[in-house]
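Each remark here refers to the structure printed beneath this line.
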Amino acid sequence: MDLVVDANVLVGELLRSRGRELLQRSELKLYAVPKVLDEAGYELRRRLRIMRDRGRFNRTTEQELLGLATGVMDSYISLVAESFYAP
């Protein structure tokens with residue numbers, strides 16, 4: 001199944017273990033434009049920082065989660081031009 005991912009949905013799934021597992025499923029082919037991945041990376045860092053500041057976890061866990069999420073984005077999402085899916 002081919003899917004074009006949105007930054008908001010992507011961040012929500014990357015923050016959850018179950019979501020990261022879903023994004024890695026072999027039957028999914030995920031695509032995003034560079035702008036979406038940039039936005040997702042920014043928002044992911046912001047949300048993790050807020051969660052840490054609220055005491056949900058420490059800095060080490062924050063960095064581990066960021067690494068896991070970034071790894072999924074880098075390995076399972078293909079960059080495409082907006083013209084790829086605009087029509």
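Here's how to read the names in the structure tokens: chain A, B, ... by the order shown, residue numbers from 1 in each chain, ligand numbers from 1 in the order shown.
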- Message: Taking 5 positions as the minimum chain separation for residues in the same chain, which residues sit within 8 Å of segment 11-17 of chain A when counting only C-alpha atoms? Answer as a PyMOL selection string.
- Response: chain A and resi 23+40-41+43-44+65+69+72
- Would you return as JSON, numbers by chain the members of chain A that DSSP assigns to helix (DSSP H, G or I) on this structure's backbone? {"A": [7, 8, 9, 10, 11, 12, 13, 14, 17, 18, 19, 20, 21, 22, 23, 34, 35, 36, 37, 38, 39, 40, 41, 42, 43, 44, 45, 46, 47, 48, 49, 50, 51, 52, 53, 59, 60, 61, 62, 63, 64, 65, 66, 67, 68, 69, 70, 71, 72, 73, 74, 75, 76, 82, 83, 84]}
- Task: Excluding Leu30 of chain A and residues on its chain fewer than 2 positions from it, collect all residues at most 9 Å away from it, counting only C-alpha atoms, and give them as number ranges by chain.
- Result: A: 1-5, 23, 28, 32, 76-79
- Query: Using the chain letters and numbers from this document, which residues of chain A does DSSP assign to strand (DSSP E or B), as JSON, numbers by chain?
  - Reply: {"A": [2, 3, 4, 29, 30, 31, 32, 77, 78, 79]}
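Using only C-alpha atoms, the nearest neighbour of Gln63 of chain A within the list A:Glu39, A:Val9, A:Arg45, A:Ser75 is A:Arg45.
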